[in-house]
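**Q** Below is a structure I'd like to ask you about.
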Amino acid sequence: MTLTRPQTGRDRLNSLRPSLSAADIDDLARGGPALRGFLRGLPGVDQVGLEGRAAALATRSIKATAKSFAIDLAISMLDLTTLEGADTPGKVRSLCARARCPDPDRPDGPRPAAVCVYPDLAAVARAALAGSGIAVASVATGFPSGRTSVDVKVQEVAEAIDAGADEVDMVIDRGAFLAGDYDTVFGEIAAVRQACARGIEAGGARSVHLKVILETGELATYDHVRQASWLAMLAGADFIKTSTGKVSPAATLPVTLVMLEAVRDFRASTGRQVGVKAAGGIRTSKDAIRYLVTVNETAGPDWLTPRWFRFGASSLLDDLLRQRMRTDSGHYVGADYVTMD
Amino acid sequence: MSRVEVRKTYKLFIGGAFPRSESGHSYEVCTHAGTFVANAARATRKDVRDAVSAATKAQPGWAGRTAYNRGQILYRVAEMLEDRRDQFVAQVLAAEGGNRRRAQQQVDASIDRWVWYAGWADKLAQVIGSANPVAGPYFDFSLPEPTGVIGVIAPQRSSLLGLVSVLAPVVVTGNTAVLVSSFERPLPALTLAEVLATSDLPGGVANVLSGPVSELLPWLAEHTGVAGLDLTGVDDAEMATDGERQAAVNLKRVRRAPASEPRWLDEPDLSAMTTFVETKTVWHPMGV
Amino acid sequence: MTELDVAQEFAYAPAPESRALVRIRDEYGLFIGGEFVEGTGEPFATVDPATEERLATVATASAADVDRAVQAARAAHNRVWGPMPGAERAKYLFRLARILQERARELAVLESIDNGKPIRESRDVDVPLAAAHFFYHAGWADKLGYAGLGADPKPLGVAGQVIPWNFPLLMLSWKIAPALACGNTVVLKPAETTPLTALLFAEICQQADLPAGVVNIVTGAGDTGRSLISHPDVDKVAFTGSTEVGRSIAQTVAGTSKKVTLELGGKAANIVFADSPVDQAVEGIVNGIFFNQGHVCCAGSRLLVEESVHDEVIERLQQRMGTLRVGDPLDKNTDIGAINSAEQLAKIRRLSAVGEAEGAQRWSPACQLPERGYFFAPTLFTGVSQAHRIAREEIFGPVLSVLTFRTPDEAVAKANNTPYGLSAGVWTEKGSRILWMAARLKAGVVWANTFNRFDPASPFGGYKESGYGREGGRHGLAGYLRPSPGGASPAGAGVRA
């Protein structure tokens with residue numbers, strides 16, 4: 001008995017008319033009442049309905065071949081992360097080695113998309129990942145709190161790029177957002193976006209991806225998350241990211257659902273596709289697969305690739321590998337049998 | 001030679017765990033006939049403090065559960081009580097004397113009383129709440145909400161049925177309880193604590209302290225983190241009055257000690273629940 | 001661009017719930033006086049609507065069998081259940097609730113096999129709610145003096161109850177739990193296409209040691225129902241089903257002393273304003289008409305969308321409908337299962353053809369339906385008005401008719417422009433407007449920013465030709481009690497003796 005196939009993203013894009021032109025976006029970029037009016041005019045989010053939908057998506061049962069596929073996809077979507085005060089070059093090298101070969105029994109198996117570190121260790125990561133095709137992602141802009149001046153933030157971004165970062169994960173100014181100062185939040189993202197272009201200007205061929213961390217746990221309401229998502233995308237984000245992982249709650253299924261709706265609607269309005277990164281608190285394969293189902297049924301299959309969806313995690317890889325071994329071997333696997341950083 | 005029994009140690013029940021009194025003190029508990037049974041922990045003000053702290057922490061979560069969920073958990077308590085019926089019959093017989101038939105009647109009534117209260121969880125709001133027909137374009141409704149942490153002095157003589165009759169109404173309404181058991185007959189209360197611990201009741205929702213009422217009551221009555229006080233088990237009229245006076249420090253909702261021993265077998269009225277709920281009234285305009 | 005940059009299709013593998021959990025007998029008898037007995041009517045087959053395969057042969061209760069069942073219920077009422085204290089009745093009902101929870105998965109699988117609904121719904125909605133109904137009503141059995149019907153209300157006696165095929169076990173619990181809690185005994189007839197969970201419930205009654213004759217199950221079709229409803233020794237009639245049959249029941253009981261409650265059809269308006277939380281509104285629209293294949297009396301079968309946001313809402317709705325999975329009810333990922341019977345499928349097809357003929361625009365997402373079984377793709381009709389038949393007649397399938405409105409007054413007028421009045425939905429972020437609309441909608445249940453929410457504590461029932469009486473909550477008890485003096489009866493208790 002066959003089941004319906006969902007429409008592909010291609011079909012959907014063609015059927016929706018973009019409603020925000022480049023000129024419209026420039027108007028909004030000027031800030032002030034136009035930007036405020038736009039953000040406040042976005043549809044509200046009903047918490048109970050949203051969480052109900054996320055819970056329903058979490059009941060999808062992903063078995064057998066679908067499960068193996070999903071686990072491999074999730075591994076390939078990892079930004080394998082270490083962001084601790086105690087990080088050393090040795091720790092970072094160890095992490096990079098694991099990224100290059102997470103499972104020696106499957107040397108051709110999937111590998112994380114990126115390794116994510118603090119800017120002062122980006123050069124170590126670059127060297128350790130040379131030739132692997134795995135990207136170096138660096139946090140910047142006073143991660144995790146973001147409480148420094150915009151000049152210091154931009155300077156930090158420049159240093160990270162010079163050290164070899166392919167991707168920059170910045171934090172927004174949550175205080176400014178909650179105080180209603182959208183112009184400041186917008187301006188900082190735009191400034192960092194410009195700084196990311198440095199990678200190209202410096203003669204390098206690589207374009208530096210900008211991920212904008214909303215820190216949804218501090219934004220507190222889903223309405224705020226929707227507004228901040230749009231604000232970040234209008235300001236030029238390549239990815240919007242849930243959390244720093246340093247504040248609880250970090251990524252949740254409902255919050256990620258709101259952000260997936262936002263990127264879906266943004267593409268429908270402007271034609272530009274933006275990615276989503278769910279970071280912090282995603283520990284098990286079961287969790288990760290629920291996120292993939294949510295991507296699949298909300299934004300659509302176009303986002304089911306590391307190019308457009310990432311997991312920011314550290315211990316998640318342990319469970320993904322363990323579950324992969326279980327489906328391959330047919331029995332449960334102990335922790336000693338799984339690689340570590 | 002007959003087999004040597006492993007005798008149980010009776011401890012306090014605080015935050016879902018069974019600690020001894022922080023003082024390390026205990027006192028002798030005897031049967032109704034005067035035979036030694038066990039040393040029970042002799043709780044102090046610090047145990048009261050810890051119990052109130054546990055009850056405070058547990059209260060928002062307990063109140064935040066659906067009424068259906070609270071009702072289910074309390075029904076589970078009744079299942080556990082029924083499962084231990086023989087044990088409770090023996091304990092009530094030893095503590096209160098009388099004959100086995102009377103003890104069975106007390107235990108059966110206690111289980112049924114608990115079931116009666118469990119069934120109120122998702123009904124009280126319908127019986128004492130209302131939509132109010134105000135003279136204007138407003139939707140106006142009143143609903144009961146739990147008061148908070150309630151101090152409960154359990155009856156001195158009715159060691160199980162009376163105990164259940166003061167504890168169940170407090171927790172079914174979403175409050176959390178710090179209960180002082182009967183001083184001379186504490187063991188059914190402490191065994192009930194074991195039942196509570198195995199019934200999915202979250203830790204801290206009900207806390208049970210054994211010890212002298214005269215020493216523990218003032219600390220409960222004056223604690224400004226305690227929002228209500230049930231003086232049912234305070235036999236001494238002067239002590240009860242003092243308790244009520246002390247409770248006025250933060251205007252606790254007080255349930256006074258009864259003038260005479262209640263007929264515990266009679267179906268209660270709603271006051272054991274309604275004393276410890278607040279009525280919240282909400283207005284909302286109705287307009288296009 | 002690397003291999004990894006190319007988006008991949010995420011095909012869900014089959015995720016079947018196991019049928020092995022359920023033992024379906026080859027033949028089933030009637031459940032009368034605590035025992036399974038043979039029926040004297042012509043037996044009939046019940047079929048799995050997803051495969052069209054015969055599941056079992058079920059007895060038909062003749063008029064004589066119905067009489068035996070009523071007598072058993074009367075005897076149990078007079079001798080056992082009526083005199084029993086409420087606290088004891090309560091404990092039986094708690095037992096039933098607990099066993100429903102214990103055997104939850106088995107009941108869910110059986111329900112999906114016999115009815116066609118997705119296992120996810122029977123597992124997550126039907127069975128838990130059925131258990132909750134028994135749990136809630138158990139707690140009323142010893143508190144009837146607080147129900148607002150006087151200090152000492154009395155049961156009516158024997159209740160004859162006829163239930164539909166759309167939520168077999170859940171409708172059984174809506175009928176039996178309050179009846180028993182109030183001290184009545186029952187004879188219940190499940191629908192002829194979905195008898196199996198009722199018969200399993202009979203086994204559960206035995207497991208709970210429920211006294212013989214308190215619950216009796218008589219299987220059969222229309223004739224059995226008629227015998228039951230017109231039986232002179234039935235004190236109370238409770239019916240859920242079509243308005244047509246409800247009307248004939250009301251005629252049949254005229255001049256008798258039978259109390260009646262009826263829960264009938266609907267053509268609910270789901271009203272979406274421009275300032276709705278639009279993503280959740282789309283979920284609510286989808287849930288409103290596609291939950292349970294649209295076989296829901298209170299389904300949101302008319303979407304009334306504010307004209308200024310019509311195109312946007314429809315686009316989003318179509319996108320969302322594209323992710324609905326139609327297929328094997330026992331697959332845990334199925335969203336829309338089988339239509340319950342060939343007859344119902346024919347009706348849905350017929351009315352959909354009417355919609356096209358009337359000039360509405362028909363749309364369904366690309367959908368490959370299984371070759372066997374009774375399946376229908378989720379369907380949308382736009383350009384519908386209140387003059388179209390598909391806006392007036394209950395289709396009882398996964399078919400949504402879309403109309404527009406300009407102002408709240410117009411929404412109210414269109415929503416109320418129907419002989420039905422069971423339910424309505426309102427979607428807006430503005431609280432005042434929710435309450436203003438709720439006050440004006442002629443519907444027994446108004447859902448605001450949600451839809452298809454049911455709870456044993458929440459009274460459910462209709463206005464106008466959607467029936468009278470309420471089920472659930474304190475109000476629902478009134479249908480099964482005779483008030484004692486000095487007690488006020490909640491309104492709408494149905495036909496009084």
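Residues are referred to by chain and number: the chain letter is A, B, ... according to the order shown in the structure tokens, the number counts from 1 in that chain, and ligands are numbered separately from 1 in the order shown.
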Contacts from chain B to chain C, 12 Å maximum, only C-alpha atoms: show me the residue list as a VMD selection string.
**A** chain B and resid 66 to 76 78 to 79 82 108 to 109 111 to 129 137 to 140 267 to 270 283 to 288
**Q** Mind listing as a list in words which residues of chain C are within 7 Å of chain A, counting only C-alpha atoms?
**A** Leu4, Asp5, Val6, Ala7, Gln8, Glu9, Ala11, Tyr12, Ala13, Ala15, Asp275, Pro277, Val278, Gln280, Gly322, Thr323, Arg325, Val326, Gly327, Asp328, Lys332, Asn333, Cys367, Gln368, Pro370 and Thr450 of chain C
**Q** Within 10 Å of region 29-31 of chain B, counting only C-alpha atoms, which residues qualify if same-chain residues fewer than 4 places away don't, as a list in words?
**A**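 Here the qualifying residues turn out to be Thr35, Phe36, Val37, Ala38, Asn39, Ala40, Ala41, Gln91, Val92, Leu93, Ala94, Ala95, Glu96, Gly97, Phe183, Glu184, Arg185, Pro186 and Leu187 of chain B.
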**Q** Write out as a ChimeraX atom specification each polymer residue whose atoms come within 9 Å of Arg105 (chain C), counting only C-alpha atoms; drop sequence neighbours fewer than 5 positions from it.
**A** /C:21,110,122-123,127
**Q** Using N, CA and C atoms, can you export the residues from the last selection as a PDB file, in the first residue's frame?
**A**
```pdb
ATOM      1  N   LEU C  21      -1.210  -8.393  18.148  1.00  0.00           N
ATOM      2  CA  LEU C  21      -1.679  -8.110  19.495  1.00  0.00           C
ATOM      3  C   LEU C  21      -3.154  -8.442  19.677  1.00  0.00           C
ATOM      4  N   LEU C 110      -7.394  -2.784  17.261  1.00  0.00           N
ATOM      5  CA  LEU C 110      -8.686  -3.349  16.849  1.00  0.00           C
ATOM      6  C   LEU C 110      -9.580  -2.275  16.244  1.00  0.00           C
ATOM      7  N   SER C 122      -6.270   6.434  16.759  1.00  0.00           N
ATOM      8  CA  SER C 122      -6.926   5.565  17.741  1.00  0.00           C
ATOM      9  C   SER C 122      -6.051   5.426  18.979  1.00  0.00           C
ATOM     10  N   ARG C 123      -4.720   5.409  18.770  1.00  0.00           N
ATOM     11  CA  ARG C 123      -3.785   5.272  19.878  1.00  0.00           C
ATOM     12  C   ARG C 123      -3.691   6.542  20.706  1.00  0.00           C
ATOM     13  N   VAL C 127      -8.603   6.019  22.235  1.00  0.00           N
ATOM     14  CA  VAL C 127      -8.520   5.143  23.414  1.00  0.00           C
ATOM     15  C   VAL C 127      -8.210   5.937  24.690  1.00  0.00           C
TER      16      VAL C 127
END
```
**Q** Report as JSON, numbers by chain all protein, DNA and RNA residues lying within 8 Å of region 7-15 of chain B, evaluated on only C-alpha atoms, omitting residues in the same chain fewer than 2 positions from it.
**A** {"B": [5, 17, 18, 19, 20, 21, 38, 39, 40, 41, 43, 50, 51, 54, 55, 187, 190, 193, 203, 204, 205, 206, 207, 208, 209, 210]}
**Q** Can I get the selection written as a PDB file, in the first residue's frame, with N, CA and C atoms?
**A**
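Done, and the output landed in result-v5.pdb:
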```pdb
ATOM      1  N   GLU B   5      12.579 -11.345  63.045  1.00  0.00           N
ATOM      2  CA  GLU B   5      12.042 -10.370  62.079  1.00  0.00           C
ATOM      3  C   GLU B   5      13.034  -9.260  61.781  1.00  0.00           C
ATOM      4  N   ALA B  17      12.030  11.877  49.777  1.00  0.00           N
ATOM      5  CA  ALA B  17      13.040  11.008  50.378  1.00  0.00           C
ATOM      6  C   ALA B  17      12.717  10.758  51.850  1.00  0.00           C
ATOM      7  N   PHE B  18      13.414   9.809  52.462  1.00  0.00           N
ATOM      8  CA  PHE B  18      13.158   9.441  53.865  1.00  0.00           C
ATOM      9  C   PHE B  18      14.375   9.756  54.722  1.00  0.00           C
ATOM     10  N   PRO B  19      14.555  11.026  55.112  1.00  0.00           N
ATOM     11  CA  PRO B  19      15.702  11.343  55.968  1.00  0.00           C
ATOM     12  C   PRO B  19      15.356  11.149  57.439  1.00  0.00           C
ATOM     13  N   ARG B  20      16.380  10.990  58.263  1.00  0.00           N
ATOM     14  CA  ARG B  20      16.152  11.074  59.700  1.00  0.00           C
ATOM     15  C   ARG B  20      16.012  12.551  60.064  1.00  0.00           C
ATOM     16  N   SER B  21      15.602  12.828  61.279  1.00  0.00           N
ATOM     17  CA  SER B  21      15.555  14.217  61.716  1.00  0.00           C
ATOM     18  C   SER B  21      16.970  14.779  61.726  1.00  0.00           C
ATOM     19  N   ALA B  38       8.377   1.017  68.102  1.00  0.00           N
ATOM     20  CA  ALA B  38       9.495   1.554  67.303  1.00  0.00           C
ATOM     21  C   ALA B  38       9.928   2.887  67.869  1.00  0.00           C
ATOM     22  N   ASN B  39      11.112   3.313  67.465  1.00  0.00           N
ATOM     23  CA  ASN B  39      11.548   4.685  67.712  1.00  0.00           C
ATOM     24  C   ASN B  39      11.222   5.489  66.458  1.00  0.00           C
ATOM     25  N   ALA B  40      10.435   6.529  66.617  1.00  0.00           N
ATOM     26  CA  ALA B  40      10.138   7.378  65.459  1.00  0.00           C
ATOM     27  C   ALA B  40      11.024   8.611  65.529  1.00  0.00           C
ATOM     28  N   ALA B  41      11.332   9.165  64.362  1.00  0.00           N
ATOM     29  CA  ALA B  41      12.140  10.390  64.331  1.00  0.00           C
ATOM     30  C   ALA B  41      11.389  11.503  65.046  1.00  0.00           C
ATOM     31  N   ALA B  43      11.010  15.196  64.925  1.00  0.00           N
ATOM     32  CA  ALA B  43      11.327  16.313  64.024  1.00  0.00           C
ATOM     33  C   ALA B  43      11.512  17.603  64.797  1.00  0.00           C
ATOM     34  N   ASP B  50      13.006  22.541  56.254  1.00  0.00           N
ATOM     35  CA  ASP B  50      13.343  21.767  55.060  1.00  0.00           C
ATOM     36  C   ASP B  50      12.091  21.266  54.347  1.00  0.00           C
ATOM     37  N   ALA B  51      11.106  20.865  55.144  1.00  0.00           N
ATOM     38  CA  ALA B  51       9.871  20.357  54.544  1.00  0.00           C
ATOM     39  C   ALA B  51       9.144  21.467  53.802  1.00  0.00           C
ATOM     40  N   ALA B  54      10.860  22.050  50.564  1.00  0.00           N
ATOM     41  CA  ALA B  54      10.528  21.019  49.565  1.00  0.00           C
ATOM     42  C   ALA B  54       9.122  21.229  49.022  1.00  0.00           C
ATOM     43  N   ALA B  55       8.205  21.556  49.911  1.00  0.00           N
ATOM     44  CA  ALA B  55       6.820  21.760  49.480  1.00  0.00           C
ATOM     45  C   ALA B  55       6.706  22.976  48.566  1.00  0.00           C
ATOM     46  N   LEU B 187       2.628   5.925  63.234  1.00  0.00           N
ATOM     47  CA  LEU B 187       3.101   4.929  62.255  1.00  0.00           C
ATOM     48  C   LEU B 187       2.232   4.794  61.004  1.00  0.00           C
ATOM     49  N   LEU B 190       3.416   7.383  58.668  1.00  0.00           N
ATOM     50  CA  LEU B 190       4.727   7.134  58.084  1.00  0.00           C
ATOM     51  C   LEU B 190       4.645   6.027  57.041  1.00  0.00           C
ATOM     52  N   ALA B 193       3.305   7.493  54.003  1.00  0.00           N
ATOM     53  CA  ALA B 193       4.359   8.170  53.254  1.00  0.00           C
ATOM     54  C   ALA B 193       5.027   7.208  52.276  1.00  0.00           C
ATOM     55  N   GLY B 203       7.925  14.220  44.435  1.00  0.00           N
ATOM     56  CA  GLY B 203       8.525  14.500  45.726  1.00  0.00           C
ATOM     57  C   GLY B 203       8.211  15.919  46.168  1.00  0.00           C
ATOM     58  N   GLY B 204       7.937  16.085  47.452  1.00  0.00           N
ATOM     59  CA  GLY B 204       7.677  17.415  47.989  1.00  0.00           C
ATOM     60  C   GLY B 204       6.211  17.800  48.010  1.00  0.00           C
ATOM     61  N   VAL B 205       5.365  17.060  47.316  1.00  0.00           N
ATOM     62  CA  VAL B 205       3.943  17.411  47.318  1.00  0.00           C
ATOM     63  C   VAL B 205       3.337  17.147  48.692  1.00  0.00           C
ATOM     64  N   ALA B 206       3.695  16.038  49.274  1.00  0.00           N
ATOM     65  CA  ALA B 206       3.269  15.759  50.649  1.00  0.00           C
ATOM     66  C   ALA B 206       4.504  15.413  51.452  1.00  0.00           C
ATOM     67  N   ASN B 207       4.662  16.081  52.594  1.00  0.00           N
ATOM     68  CA  ASN B 207       5.804  15.829  53.456  1.00  0.00           C
ATOM     69  C   ASN B 207       5.266  15.473  54.835  1.00  0.00           C
ATOM     70  N   VAL B 208       5.855  14.460  55.462  1.00  0.00           N
ATOM     71  CA  VAL B 208       5.309  13.972  56.729  1.00  0.00           C
ATOM     72  C   VAL B 208       6.373  14.034  57.805  1.00  0.00           C
ATOM     73  N   LEU B 209       6.042  14.744  58.906  1.00  0.00           N
ATOM     74  CA  LEU B 209       6.961  14.890  60.039  1.00  0.00           C
ATOM     75  C   LEU B 209       6.327  14.270  61.267  1.00  0.00           C
ATOM     76  N   SER B 210       7.107  13.468  61.979  1.00  0.00           N
ATOM     77  CA  SER B 210       6.627  12.949  63.265  1.00  0.00           C
ATOM     78  C   SER B 210       7.335  13.714  64.367  1.00  0.00           C
TER      79      SER B 210
END
```
**Q** Would you mind reading off the distance between CA of Val305 (chain C) and CA of Val272 (chain C), one decimal, in Å?
**A**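 The value is 4.7 Å.
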**Q** Take CA of Gly61 (chain B) and CA of Gly243 (chain B) and report the distance between them in Å, one decimal.
**A**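 We find that CA of Gly61 (chain B) and CA of Gly243 (chain B) lie 28.8 Å from each other.
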